[in-house]
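*Asks:* One file is attached below, query.pdb, containing PDB, C-alpha atoms and all ligand atoms.
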MODEL        1
ATOM      1  CA  MET A   1      -4.241  -7.645  12.395
ATOM      2  CA  LYS A   2      -2.620  -5.291  14.933
ATOM      3  CA  ILE A   3       0.747  -4.122  13.581
ATOM      4  CA  ALA A   4       3.641  -2.397  15.361
ATOM      5  CA  LEU A   5       5.908  -0.451  13.025
ATOM      6  CA  ILE A   6       9.555  -0.243  14.024
ATOM      7  CA  GLY A   7      11.198   2.398  11.830
ATOM      8  CA  TYR A   8       9.080   5.153  10.343
ATOM      9  CA  GLY A   9      11.190   6.238   7.403
ATOM     10  CA  LYS A  10      10.669   5.660   3.672
ATOM     11  CA  MET A  11       9.585   2.042   4.140
ATOM     12  CA  GLY A  12       7.737   2.394   7.464
ATOM     13  CA  LYS A  13       5.479   5.110   6.028
ATOM     14  CA  MET A  14       4.680   3.169   2.859
ATOM     15  CA  ILE A  15       3.972   0.002   4.854
ATOM     16  CA  GLU A  16       1.571   1.990   7.050
ATOM     17  CA  GLN A  17      -0.442   3.124   3.990
ATOM     18  CA  ILE A  18      -0.670  -0.380   2.534
ATOM     19  CA  ALA A  19      -1.483  -2.013   5.879
ATOM     20  CA  LEU A  20      -4.338   0.464   6.520
ATOM     21  CA  SER A  21      -5.693  -0.077   2.980
ATOM     22  CA  ARG A  22      -5.810  -3.830   3.700
ATOM     23  CA  GLY A  23      -7.869  -3.290   6.878
ATOM     24  CA  HIS A  24      -5.092  -3.658   9.468
ATOM     25  CA  SER A  25      -4.480  -1.282  12.351
ATOM     26  CA  ILE A  26      -1.189   0.282  13.408
ATOM     27  CA  VAL A  27      -1.078   0.042  17.209
ATOM     28  CA  SER A  28       2.440   1.343  17.779
ATOM     29  CA  ILE A  29       5.099   3.284  15.856
ATOM     30  CA  ILE A  30       8.651   3.170  17.181
ATOM     31  CA  ASP A  31      11.586   5.076  15.755
ATOM     32  CA  GLU A  32      14.900   6.412  16.964
ATOM     33  CA  ASN A  33      13.209   9.172  19.031
ATOM     34  CA  ASN A  34      10.674   6.911  20.680
ATOM     35  CA  LEU A  35      12.508   3.767  21.797
ATOM     36  CA  ASP A  36      10.599   3.530  25.111
ATOM     37  CA  GLY A  37       7.608   2.542  22.936
ATOM     38  CA  PHE A  38       8.817  -1.076  23.305
ATOM     39  CA  ASP A  39       7.626  -0.953  26.959
ATOM     40  CA  SER A  40       4.122   0.240  26.106
ATOM     41  CA  GLU A  41       0.981  -1.904  26.362
ATOM     42  CA  GLN A  42       0.103  -0.937  22.739
ATOM     43  CA  PHE A  43       3.370  -2.435  21.492
ATOM     44  CA  LYS A  44       2.893  -5.606  23.565
ATOM     45  CA  SER A  45      -0.624  -6.009  22.126
ATOM     46  CA  ALA A  46       0.635  -6.202  18.505
ATOM     47  CA  ASP A  47       0.104  -9.409  16.499
ATOM     48  CA  VAL A  48       3.290  -8.661  14.571
ATOM     49  CA  ALA A  49       6.059  -6.042  14.359
ATOM     50  CA  ILE A  50       7.380  -4.939  10.971
ATOM     51  CA  GLU A  51      10.974  -3.705  11.301
ATOM     52  CA  PHE A  52      12.667  -1.456   8.703
ATOM     53  CA  THR A  53      15.381   0.557  10.493
ATOM     54  CA  THR A  54      19.178   0.546  10.209
ATOM     55  CA  PRO A  55      21.858  -2.172  10.114
ATOM     56  CA  SER A  56      23.243  -1.123  13.516
ATOM     57  CA  SER A  57      19.889  -0.999  15.335
ATOM     58  CA  ALA A  58      18.116  -4.045  13.857
ATOM     59  CA  LEU A  59      19.353  -6.820  16.189
ATOM     60  CA  ASP A  60      18.550  -4.826  19.330
ATOM     61  CA  ASN A  61      15.036  -4.162  17.975
ATOM     62  CA  PHE A  62      14.504  -7.871  17.180
ATOM     63  CA  MET A  63      15.549  -8.829  20.725
ATOM     64  CA  LYS A  64      13.141  -6.273  22.237
ATOM     65  CA  CYS A  65      10.309  -7.776  20.151
ATOM     66  CA  PHE A  66      11.256 -11.282  21.291
ATOM     67  CA  ALA A  67      11.294 -10.105  24.945
ATOM     68  CA  ALA A  68       7.665  -9.015  24.458
ATOM     69  CA  ASN A  69       6.805 -12.215  22.504
ATOM     70  CA  VAL A  70       5.863 -10.167  19.426
ATOM     71  CA  PRO A  71       6.637 -11.934  16.097
ATOM     72  CA  VAL A  72       8.934  -9.955  13.767
ATOM     73  CA  VAL A  73       8.857  -9.364  10.016
ATOM     74  CA  ALA A  74      12.317  -7.939   9.306
ATOM     75  CA  GLY A  75      13.225  -5.910   6.257
ATOM     76  CA  THR A  76      16.385  -4.191   7.439
ATOM     77  CA  THR A  77      19.525  -5.322   5.619
ATOM     78  CA  GLY A  78      23.181  -5.258   6.647
ATOM     79  CA  TRP A  79      22.920  -7.158   9.972
ATOM     80  CA  LEU A  80      23.347 -10.760   8.738
ATOM     81  CA  GLU A  81      26.458 -11.450  10.858
ATOM     82  CA  HIS A  82      23.983 -11.772  13.790
ATOM     83  CA  MET A  83      21.742 -14.334  12.092
ATOM     84  CA  SER A  84      22.777 -17.179  14.445
ATOM     85  CA  GLU A  85      21.441 -15.220  17.464
ATOM     86  CA  VAL A  86      18.085 -14.739  15.741
ATOM     87  CA  LYS A  87      17.874 -18.415  14.732
ATOM     88  CA  LYS A  88      18.667 -19.440  18.323
ATOM     89  CA  ALA A  89      15.769 -17.264  19.578
ATOM     90  CA  CYS A  90      13.473 -18.991  17.036
ATOM     91  CA  GLU A  91      14.580 -22.413  18.314
ATOM     92  CA  ASP A  92      13.564 -21.134  21.764
ATOM     93  CA  GLY A  93      10.022 -20.354  20.550
ATOM     94  CA  GLN A  94      10.157 -16.924  18.866
ATOM     95  CA  THR A  95       8.854 -16.086  15.388
ATOM     96  CA  PHE A  96      10.911 -14.251  12.771
ATOM     97  CA  PHE A  97      10.402 -13.687   9.036
ATOM     98  CA  TYR A  98      13.324 -12.298   6.996
ATOM     99  CA  ALA A  99      13.631 -11.376   3.332
ATOM    100  CA  SER A 100      16.428  -9.303   1.827
ATOM    101  CA  ASN A 101      13.769  -8.155  -0.621
ATOM    102  CA  TYR A 102       9.989  -8.498  -0.149
ATOM    103  CA  SER A 103       8.947  -7.582  -3.698
ATOM    104  CA  LEU A 104       7.264 -10.280  -5.758
ATOM    105  CA  GLY A 105       9.215  -9.134  -8.847
ATOM    106  CA  VAL A 106      12.561  -9.543  -7.109
ATOM    107  CA  ASN A 107      11.566 -12.975  -5.823
ATOM    108  CA  ILE A 108      10.721 -14.022  -9.393
ATOM    109  CA  PHE A 109      14.122 -12.567 -10.366
ATOM    110  CA  PHE A 110      15.791 -14.683  -7.630
ATOM    111  CA  ALA A 111      14.283 -17.810  -9.236
ATOM    112  CA  VAL A 112      15.387 -16.761 -12.765
ATOM    113  CA  ASN A 113      18.893 -16.015 -11.382
ATOM    114  CA  LYS A 114      19.198 -19.556  -9.981
ATOM    115  CA  TYR A 115      17.871 -21.103 -13.199
ATOM    116  CA  LEU A 116      20.350 -19.158 -15.360
ATOM    117  CA  ALA A 117      23.231 -19.959 -12.985
ATOM    118  CA  LYS A 118      22.404 -23.676 -13.231
ATOM    119  CA  ILE A 119      22.727 -23.448 -17.038
ATOM    120  CA  MET A 120      25.919 -21.348 -16.881
ATOM    121  CA  ASN A 121      27.628 -23.914 -14.623
ATOM    122  CA  GLN A 122      28.594 -25.931 -17.728
ATOM    123  CA  PHE A 123      29.748 -22.888 -19.752
ATOM    124  CA  THR A 124      33.067 -22.176 -18.117
ATOM    125  CA  ASP A 125      34.165 -19.565 -20.713
ATOM    126  CA  TYR A 126      31.715 -17.109 -19.180
ATOM    127  CA  SER A 127      32.733 -14.843 -16.303
ATOM    128  CA  VAL A 128      30.019 -13.635 -13.925
ATOM    129  CA  LYS A 129      29.709 -10.321 -12.123
ATOM    130  CA  MET A 130      26.991  -8.191 -10.520
ATOM    131  CA  GLU A 131      26.122  -4.510 -10.281
ATOM    132  CA  GLU A 132      23.685  -2.922  -7.833
ATOM    133  CA  ILE A 133      22.576   0.729  -7.809
ATOM    134  CA  HIS A 134      20.774   2.403  -4.880
ATOM    135  CA  HIS A 135      20.017   5.875  -3.530
ATOM    136  CA  ILE A 136      22.741   7.841  -1.750
ATOM    137  CA  HIS A 137      21.155   7.350   1.731
ATOM    138  CA  LYS A 138      21.732   3.587   1.762
ATOM    139  CA  LEU A 139      23.969   2.577   4.693
ATOM    140  CA  ASP A 140      25.009  -0.945   3.652
ATOM    141  CA  ALA A 141      26.929  -2.315   0.666
ATOM    142  CA  PRO A 142      26.433  -4.635  -1.034
ATOM    143  CA  SER A 143      22.668  -4.614  -0.766
ATOM    144  CA  GLY A 144      20.916  -7.518   0.964
ATOM    145  CA  THR A 145      19.353  -8.382  -2.392
ATOM    146  CA  ALA A 146      22.795  -8.565  -4.048
ATOM    147  CA  ILE A 147      23.932 -10.976  -1.320
ATOM    148  CA  THR A 148      20.899 -13.231  -1.904
ATOM    149  CA  LEU A 149      21.560 -13.147  -5.679
ATOM    150  CA  ALA A 150      25.239 -14.024  -5.111
ATOM    151  CA  GLU A 151      24.206 -16.929  -2.854
ATOM    152  CA  GLY A 152      21.884 -18.180  -5.628
ATOM    153  CA  ILE A 153      24.807 -18.175  -8.089
ATOM    154  CA  ILE A 154      27.264 -19.800  -5.663
ATOM    155  CA  GLU A 155      24.754 -22.625  -4.990
ATOM    156  CA  ASN A 156      24.659 -23.414  -8.713
ATOM    157  CA  ILE A 157      28.053 -22.536 -10.263
ATOM    158  CA  ASP A 158      30.891 -24.793  -9.090
ATOM    159  CA  ARG A 159      33.640 -22.344 -10.139
ATOM    160  CA  LYS A 160      32.253 -19.627  -7.820
ATOM    161  CA  THR A 161      32.631 -20.124  -4.079
ATOM    162  CA  ASP A 162      32.220 -16.646  -2.553
ATOM    163  CA  TRP A 163      31.348 -13.009  -3.308
ATOM    164  CA  HIS A 164      33.244  -9.779  -2.642
ATOM    165  CA  LEU A 165      33.013  -6.102  -3.393
ATOM    166  CA  GLU A 166      34.551  -5.333  -6.798
ATOM    167  CA  ALA A 167      37.954  -4.147  -5.560
ATOM    168  CA  GLU A 168      38.582  -7.265  -3.447
ATOM    169  CA  THR A 169      37.746 -10.153  -5.775
ATOM    170  CA  LYS A 170      39.662 -13.356  -6.500
ATOM    171  CA  PRO A 171      38.889 -15.561  -9.567
ATOM    172  CA  GLU A 172      36.604 -17.818  -7.518
ATOM    173  CA  ASP A 173      34.585 -14.830  -6.236
ATOM    174  CA  ILE A 174      31.563 -13.095  -7.735
ATOM    175  CA  SER A 175      32.476  -9.433  -8.005
ATOM    176  CA  ILE A 176      29.777  -6.984  -6.838
ATOM    177  CA  HIS A 177      29.996  -3.396  -8.023
ATOM    178  CA  CYS A 178      27.926  -1.010  -5.820
ATOM    179  CA  ILE A 179      26.853   2.406  -7.073
ATOM    180  CA  ARG A 180      25.092   5.036  -4.906
ATOM    181  CA  GLU A 181      23.260   7.584  -7.041
ATOM    182  CA  GLY A 182      20.394  10.078  -6.508
ATOM    183  CA  GLU A 183      17.157   8.542  -5.222
ATOM    184  CA  VAL A 184      17.314   5.187  -7.106
ATOM    185  CA  PRO A 185      14.964   2.703  -5.284
ATOM    186  CA  GLY A 186      17.045  -0.337  -6.354
ATOM    187  CA  ILE A 187      18.555  -1.857  -9.519
ATOM    188  CA  HIS A 188      20.296  -5.248  -9.651
ATOM    189  CA  GLU A 189      21.935  -6.682 -12.775
ATOM    190  CA  ILE A 190      23.936  -9.860 -13.346
ATOM    191  CA  PHE A 191      26.313 -10.154 -16.311
ATOM    192  CA  TYR A 192      27.760 -13.307 -17.876
ATOM    193  CA  GLU A 193      30.499 -12.434 -20.364
ATOM    194  CA  SER A 194      32.532 -14.509 -22.849
ATOM    195  CA  GLU A 195      34.762 -13.434 -25.739
ATOM    196  CA  ALA A 196      31.716 -13.661 -27.979
ATOM    197  CA  ASP A 197      28.882 -11.994 -26.054
ATOM    198  CA  ILE A 198      27.267 -10.754 -22.848
ATOM    199  CA  ILE A 199      24.115 -12.197 -21.299
ATOM    200  CA  SER A 200      22.543 -10.048 -18.581
ATOM    201  CA  ILE A 201      19.443 -10.171 -16.397
ATOM    202  CA  LYS A 202      18.191  -7.093 -14.582
ATOM    203  CA  HIS A 203      15.579  -6.054 -12.016
ATOM    204  CA  ASP A 204      14.752  -2.343 -11.771
ATOM    205  CA  ALA A 205      12.351  -1.261  -8.978
ATOM    206  CA  LYS A 206      10.200   1.665 -10.191
ATOM    207  CA  ASN A 207       9.308   2.627  -6.587
ATOM    208  CA  ARG A 208       9.039   1.058  -3.087
ATOM    209  CA  LYS A 209       5.435  -0.184  -3.352
ATOM    210  CA  GLY A 210       6.445  -3.762  -4.190
ATOM    211  CA  PHE A 211       8.737  -3.992  -1.152
ATOM    212  CA  ALA A 212       6.046  -2.585   1.168
ATOM    213  CA  LEU A 213       3.186  -4.764  -0.121
ATOM    214  CA  GLY A 214       5.397  -7.861   0.198
ATOM    215  CA  ALA A 215       6.215  -6.971   3.810
ATOM    216  CA  VAL A 216       2.507  -6.623   4.700
ATOM    217  CA  LEU A 217       1.732  -9.948   2.966
ATOM    218  CA  ALA A 218       4.576 -11.534   4.946
ATOM    219  CA  ALA A 219       3.104 -10.107   8.170
ATOM    220  CA  GLU A 220      -0.303 -11.621   7.301
ATOM    221  CA  PHE A 221       1.438 -14.952   6.581
ATOM    222  CA  THR A 222       3.451 -14.834   9.825
ATOM    223  CA  CYS A 223       0.472 -14.371  12.154
ATOM    224  CA  GLY A 224      -0.194 -17.583  14.060
ATOM    225  CA  LYS A 225       3.035 -19.286  12.872
ATOM    226  CA  LYS A 226       6.174 -20.154  14.853
ATOM    227  CA  GLY A 227       9.887 -20.308  14.066
ATOM    228  CA  PHE A 228      12.139 -18.920  11.351
ATOM    229  CA  LEU A 229      10.318 -18.058   8.128
ATOM    230  CA  GLY A 230      11.196 -16.673   4.707
ATOM    231  CA  MET A 231       9.771 -16.020   1.252
ATOM    232  CA  GLN A 232      10.279 -19.687   0.281
ATOM    233  CA  ASP A 233       7.600 -20.563   2.893
ATOM    234  CA  MET A 234       5.137 -18.018   1.512
ATOM    235  CA  LEU A 235       5.683 -18.205  -2.267
ATOM    236  CA  HIS A 236       5.681 -21.598  -3.907
ATOM    237  CA  PHE A 237       7.688 -21.487  -7.127
TER     238      PHE A 237
HETATM  239  N1  LIG B   1      13.816  -6.189   2.599
HETATM  240  C1  LIG B   1      13.308  -5.282   1.739
HETATM  241  O1  LIG B   1      12.451  -5.595   0.889
HETATM  242  C2  LIG B   1      13.760  -3.866   1.846
HETATM  243  C3  LIG B   1      14.681  -3.518   2.786
HETATM  244  N2  LIG B   1      15.027  -2.216   2.981
HETATM  245  C4  LIG B   1      15.910  -1.951   4.106
HETATM  246  O2  LIG B   1      15.134  -1.405   5.158
HETATM  247  C5  LIG B   1      15.907  -0.524   5.956
HETATM  248  C6  LIG B   1      15.170   0.810   6.105
HETATM  249  O3  LIG B   1      14.988   1.401   4.849
HETATM  250  P1  LIG B   1      14.269   2.838   4.694
HETATM  251  O4  LIG B   1      12.925   2.833   5.296
HETATM  252  O5  LIG B   1      14.432   3.179   3.270
HETATM  253  O6  LIG B   1      15.258   3.751   5.592
HETATM  254  P2  LIG B   1      14.960   5.177   6.234
HETATM  255  O7  LIG B   1      16.307   5.757   6.562
HETATM  256  O8  LIG B   1      14.048   5.958   5.368
HETATM  257  O9  LIG B   1      14.188   4.834   7.585
HETATM  258  C7  LIG B   1      14.814   4.243   8.696
HETATM  259  C8  LIG B   1      13.982   4.506   9.915
HETATM  260  O10 LIG B   1      14.545   3.816  11.025
HETATM  261  C9  LIG B   1      14.522   4.700  12.138
HETATM  262  N3  LIG B   1      15.525   4.298  13.124
HETATM  263  C10 LIG B   1      16.848   4.577  13.163
HETATM  264  N4  LIG B   1      17.393   3.990  14.243
HETATM  265  C11 LIG B   1      16.380   3.357  14.892
HETATM  266  C12 LIG B   1      16.295   2.596  16.087
HETATM  267  N5  LIG B   1      17.365   2.386  16.856
HETATM  268  N6  LIG B   1      15.098   2.055  16.422
HETATM  269  C13 LIG B   1      14.006   2.280  15.695
HETATM  270  N7  LIG B   1      14.026   3.000  14.555
HETATM  271  C14 LIG B   1      15.192   3.541  14.173
HETATM  272  C15 LIG B   1      14.800   6.058  11.544
HETATM  273  O11 LIG B   1      14.405   7.073  12.479
HETATM  274  P3  LIG B   1      15.007   8.558  12.333
HETATM  275  O12 LIG B   1      14.510   9.070  11.027
HETATM  276  O13 LIG B   1      14.438   9.248  13.527
HETATM  277  O14 LIG B   1      16.490   8.395  12.362
HETATM  278  C16 LIG B   1      13.888   5.988  10.324
HETATM  279  O15 LIG B   1      12.561   6.253  10.690
HETATM  280  C17 LIG B   1      17.285  -0.466   5.267
HETATM  281  O16 LIG B   1      18.137  -1.395   5.911
HETATM  282  C18 LIG B   1      17.006  -0.945   3.847
HETATM  283  O17 LIG B   1      18.127  -1.553   3.258
HETATM  284  C19 LIG B   1      14.502  -1.216   2.231
HETATM  285  C20 LIG B   1      13.608  -1.506   1.245
HETATM  286  C21 LIG B   1      13.169  -2.855   0.964
HETATM  287  O1  LIG B   2      18.054   0.282   1.075
HETATM  288  C1  LIG B   2      17.186   0.123   0.196
HETATM  289  O2  LIG B   2      16.540   1.069  -0.291
HETATM  290  C2  LIG B   2      16.902  -1.248  -0.261
HETATM  291  N1  LIG B   2      17.396  -2.229   0.432
HETATM  292  C3  LIG B   2      17.203  -3.613   0.193
HETATM  293  C4  LIG B   2      18.523  -4.303  -0.072
HETATM  294  O3  LIG B   2      19.527  -3.953   0.577
HETATM  295  O4  LIG B   2      18.572  -5.222  -0.890
HETATM  296  C5  LIG B   2      16.129  -3.899  -0.814
HETATM  297  C6  LIG B   2      16.004  -2.897  -1.919
HETATM  298  O5  LIG B   2      17.007  -3.113  -2.863
HETATM  299  C7  LIG B   2      16.000  -1.463  -1.412
ENDMDL
END
As structure tokens - that is how I would like this structure written.
Ligand SMILES: NC(=O)C1=CN([C@@H]2O[C@H](COP(=O)(O)OP(=O)(O)OC[C@H]3O[C@@H](n4cnc5c(N)ncnc54)[C@H](OP(=O)(O)O)[C@@H]3O)[C@@H](O)[C@H]2O)C=CC1
Ligand SMILES: O=C(O)C1=N[C@H](C(=O)O)C[C@H](O)C1

*Replies:*
Amino acid sequence: MKIALIGYGKMGKMIEQIALSRGHSIVSIIDENNLDGFDSEQFKSADVAIEFTTPSSALDNFMKCFAANVPVVAGTTGWLEHMSEVKKACEDGQTFFYASNYSLGVNIFFAVNKYLAKIMNQFTDYSVKMEEIHHIHKLDAPSGTAITLAEGIIENIDRKTDWHLEAETKPEDISIHCIREGEVPGIHEIFYESEADIISIKHDAKNRKGFALGAVLAAEFTCGKKGFLGMQDMLHF
């Protein structure tokens, strides 16, 4: 598979290593200093572009990929207010895969989160809140993963209808507490608390390898497909 990398930071570099080890070639690398790379023949020849950049640059990058008819596997978080534009492009024939978190472990955690929320729906004495911890360089809060976890709870707990950052919550909201500390790759924990006890579930990423491998697997899955795709299309559990 011929891969274009958009963003060559912590994730872009790790994705490059894993993609090469799986026999793929990197035909183009585009970052903030090399944006005219989108016009190159190498970029246009890619089977797929893997995009890990910044919340403010992601949509523009997706649109440049669509203009060149290159399918996109998107990892950048913090741009979801533009999702309708991306879905419209997919209805018009483009291909786009998005996951707030590509790691297998986190996707198992997403399933456990929904299962626990379904049980907790009937136990109204329990409050629910979330904490996420990431490195100090992270630009968005809450994390994309925290948003997906909150959506999984809202789908299953009738007394919760929305999420907000800790300081802004109402009783019907899930409160998300965001901590930025050192070089933490990513920790997410959900707490259910009653007068009697606390039940919590936690995912703690030891490094970024899981995210990067998942993104390469998603790129392999995306090749030859059309439309809007996500982890639910690739993983069946
Ligand atoms: N979905 C998932 O599984 C995961 C998602 N993420 C998300 O991925 C994103 C990137 O993370 P990470 O690699 O750690 O971040 P880094 O800051 O390490 O890397 C970002 C890269 O994007 C480049 N960049 C900045 N602006 C542009 C632009 N306009 N066009 C192209 N490239 C640009 C930067 O270039 P320069 O250095 O020159 O500024 C840098 O190379 C974040 O949104 C993060 O939340 C992270 C891990 C997992
Ligand atoms: O910025 C990061 O580093 C991460 N971002 C993703 C998110 O916002 O959920 C995934 C992971 O937690 C690491």

*Asks:* For the PyMOL selection byres (((chain A and resi 41) around 12) and not hetatm), applied here, can you spell out every residue it catches as a compact mmCIF listing (two decimals) with C-alpha atoms, in the frame of the given file?

*Replies:*
# COMPACT_ATOMS: atom_id res chain seq x y z
CA ALA A 4 3.64 -2.40 15.36
CA VAL A 27 -1.08 0.04 17.21
CA SER A 28 2.44 1.34 17.78
CA ASP A 36 10.60 3.53 25.11
CA GLY A 37 7.61 2.54 22.94
CA PHE A 38 8.82 -1.08 23.30
CA ASP A 39 7.63 -0.95 26.96
CA SER A 40 4.12 0.24 26.11
CA GLN A 42 0.10 -0.94 22.74
CA PHE A 43 3.37 -2.44 21.49
CA LYS A 44 2.89 -5.61 23.56
CA SER A 45 -0.62 -6.01 22.13
CA ALA A 46 0.64 -6.20 18.50
CA ALA A 68 7.66 -9.02 24.46
CA VAL A 70 5.86 -10.17 19.43

*Asks:* Have a look at A:Arg159, A:His82, A:Lys64, A:Lys13 and name the one nearest to Pro171 (chain A); count all atoms listed in the file.

*Replies:*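 Using all atoms listed in the file, Pro171 (chain A) sits closest to A:Arg159.
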
*Asks:* Separation of CA of Gly210 (chain A) and CA of Val72 (chain A), in Å?

*Replies:*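 According to the coordinates, CA of Gly210 (chain A) and CA of Val72 (chain A) are separated by 19.2 Å.
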
*Asks:* Which residues of chain A have any atom within 9 Å of an atom in ligand LIG 2 (chain B) when counting all atoms listed in the file, and what is the closest pair of atoms for each, with the distance in Å to one decimal? Order the rows by chain and rising number and write it as CSV.

*Replies:*
residue,atom,partner,partner_atom,distance
A:Lys10,CA,B:LIG2,O2,8.4
A:Met11,CA,B:LIG2,O2,8.3
A:Gly75,CA,B:LIG2,C3,7.6
A:Thr76,CA,B:LIG2,C3,7.3
A:Thr77,CA,B:LIG2,O3,5.2
A:Gly78,CA,B:LIG2,O3,7.2
A:Ala99,CA,B:LIG2,C5,8.9
A:Ser100,CA,B:LIG2,O4,5.4
A:Asn101,CA,B:LIG2,C5,4.9
A:Tyr102,CA,B:LIG2,C5,7.7
A:Ser103,CA,B:LIG2,C5,8.6
A:Val106,CA,B:LIG2,O5,8.9
A:Glu132,CA,B:LIG2,O5,8.3
A:Ile133,CA,B:LIG2,O5,8.4
A:His134,CA,B:LIG2,O2,6.4
A:His135,CA,B:LIG2,O2,6.8
A:His137,CA,B:LIG2,O1,7.7
A:Lys138,CA,B:LIG2,O1,5.0
A:Leu139,CA,B:LIG2,O1,7.3
A:Asp140,CA,B:LIG2,O3,7.0
A:Ala141,CA,B:LIG2,O3,7.6
A:Pro142,CA,B:LIG2,O3,7.1
A:Ser143,CA,B:LIG2,O3,3.5
A:Gly144,CA,B:LIG2,O4,3.8
A:Thr145,CA,B:LIG2,O4,3.6
A:Ala146,CA,B:LIG2,O4,6.2
A:Ile147,CA,B:LIG2,O4,7.9
A:Thr148,CA,B:LIG2,O4,8.4
A:Glu183,CA,B:LIG2,O2,9.0
A:Val184,CA,B:LIG2,O2,8.0
A:Pro185,CA,B:LIG2,O2,5.5
A:Gly186,CA,B:LIG2,O5,4.5
A:Ile187,CA,B:LIG2,O5,6.9
A:His188,CA,B:LIG2,O5,7.8
A:Ala205,CA,B:LIG2,O5,7.9
A:Arg208,CA,B:LIG2,C7,7.6
A:Phe211,CA,B:LIG2,C6,7.4

*Asks:* Need to verify the contact set: region 114-124 of chain A, 7 Å, all atoms listed in the file, exclusion of same-chain residues closer than 4 positions in sequence. Can you return it as a list in words?

*Replies:*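 Using all atoms listed in the file, the neighbours found are Phe110, Gly152, Ile153, Asn156, Ile157 and Asp158 of chain A.
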
*Asks:* Please report the interatomic distance between atom O3 of ligand LIG 1 (chain B) and CA of Lys88 (chain A) in Å with one decimal.

*Replies:* 25.1 Å

*Asks:* How would region 185-202 of chain A of the given structure read as a file with N, CA and C atoms, as a PDB file, in the first residue's frame?

*Replies:*
ATOM      1  N   PRO A 185       0.811   9.538  27.841  1.00  0.00           N
ATOM      2  CA  PRO A 185       0.231   9.243  26.513  1.00  0.00           C
ATOM      3  C   PRO A 185      -1.307   9.283  26.513  1.00  0.00           C
ATOM      4  N   GLY A 186      -1.947   8.924  27.636  1.00  0.00           N
ATOM      5  CA  GLY A 186      -3.417   8.983  27.670  1.00  0.00           C
ATOM      6  C   GLY A 186      -4.010   8.050  28.712  1.00  0.00           C
ATOM      7  N   ILE A 187      -4.736   8.620  29.680  1.00  0.00           N
ATOM      8  CA  ILE A 187      -5.428   7.820  30.704  1.00  0.00           C
ATOM      9  C   ILE A 187      -6.882   8.283  30.735  1.00  0.00           C
ATOM     10  N   HIS A 188      -7.810   7.333  30.712  1.00  0.00           N
ATOM     11  CA  HIS A 188      -9.238   7.657  30.820  1.00  0.00           C
ATOM     12  C   HIS A 188      -9.847   6.793  31.915  1.00  0.00           C
ATOM     13  N   GLU A 189     -10.606   7.415  32.819  1.00  0.00           N
ATOM     14  CA  GLU A 189     -11.235   6.645  33.901  1.00  0.00           C
ATOM     15  C   GLU A 189     -12.662   7.151  34.106  1.00  0.00           C
ATOM     16  N   ILE A 190     -13.567   6.194  34.320  1.00  0.00           N
ATOM     17  CA  ILE A 190     -14.974   6.533  34.562  1.00  0.00           C
ATOM     18  C   ILE A 190     -15.331   6.057  35.956  1.00  0.00           C
ATOM     19  N   PHE A 191     -15.995   6.917  36.722  1.00  0.00           N
ATOM     20  CA  PHE A 191     -16.320   6.623  38.126  1.00  0.00           C
ATOM     21  C   PHE A 191     -17.839   6.640  38.307  1.00  0.00           C
ATOM     22  N   TYR A 192     -18.368   5.592  38.916  1.00  0.00           N
ATOM     23  CA  TYR A 192     -19.760   5.584  39.379  1.00  0.00           C
ATOM     24  C   TYR A 192     -19.690   5.597  40.899  1.00  0.00           C
ATOM     25  N   GLU A 193     -20.393   6.538  41.537  1.00  0.00           N
ATOM     26  CA  GLU A 193     -20.259   6.673  42.988  1.00  0.00           C
ATOM     27  C   GLU A 193     -21.633   6.761  43.652  1.00  0.00           C
ATOM     28  N   SER A 194     -21.812   5.944  44.709  1.00  0.00           N
ATOM     29  CA  SER A 194     -23.016   6.028  45.556  1.00  0.00           C
ATOM     30  C   SER A 194     -22.548   6.348  46.971  1.00  0.00           C
ATOM     31  N   GLU A 195     -23.477   6.391  47.914  1.00  0.00           N
ATOM     32  CA  GLU A 195     -23.089   6.609  49.317  1.00  0.00           C
ATOM     33  C   GLU A 195     -22.245   5.454  49.814  1.00  0.00           C
ATOM     34  N   ALA A 196     -22.454   4.284  49.210  1.00  0.00           N
ATOM     35  CA  ALA A 196     -21.812   3.068  49.738  1.00  0.00           C
ATOM     36  C   ALA A 196     -20.446   2.772  49.114  1.00  0.00           C
ATOM     37  N   ASP A 197     -20.273   3.097  47.831  1.00  0.00           N
ATOM     38  CA  ASP A 197     -19.027   2.654  47.173  1.00  0.00           C
ATOM     39  C   ASP A 197     -18.748   3.408  45.865  1.00  0.00           C
ATOM     40  N   ILE A 198     -17.595   3.085  45.299  1.00  0.00           N
ATOM     41  CA  ILE A 198     -17.213   3.647  43.987  1.00  0.00           C
ATOM     42  C   ILE A 198     -16.854   2.475  43.071  1.00  0.00           C
ATOM     43  N   ILE A 199     -17.418   2.501  41.877  1.00  0.00           N
ATOM     44  CA  ILE A 199     -17.007   1.522  40.847  1.00  0.00           C
ATOM     45  C   ILE A 199     -16.280   2.347  39.792  1.00  0.00           C
ATOM     46  N   SER A 200     -15.074   1.910  39.383  1.00  0.00           N
ATOM     47  CA  SER A 200     -14.407   2.662  38.314  1.00  0.00           C
ATOM     48  C   SER A 200     -13.822   1.713  37.278  1.00  0.00           C
ATOM     49  N   ILE A 201     -13.779   2.183  36.034  1.00  0.00           N
ATOM     50  CA  ILE A 201     -13.073   1.452  34.975  1.00  0.00           C
ATOM     51  C   ILE A 201     -12.060   2.416  34.356  1.00  0.00           C
ATOM     52  N   LYS A 202     -10.899   1.863  33.993  1.00  0.00           N
ATOM     53  CA  LYS A 202      -9.795   2.737  33.583  1.00  0.00           C
ATOM     54  C   LYS A 202      -9.029   2.128  32.406  1.00  0.00           C
TER      55      LYS A 202
END
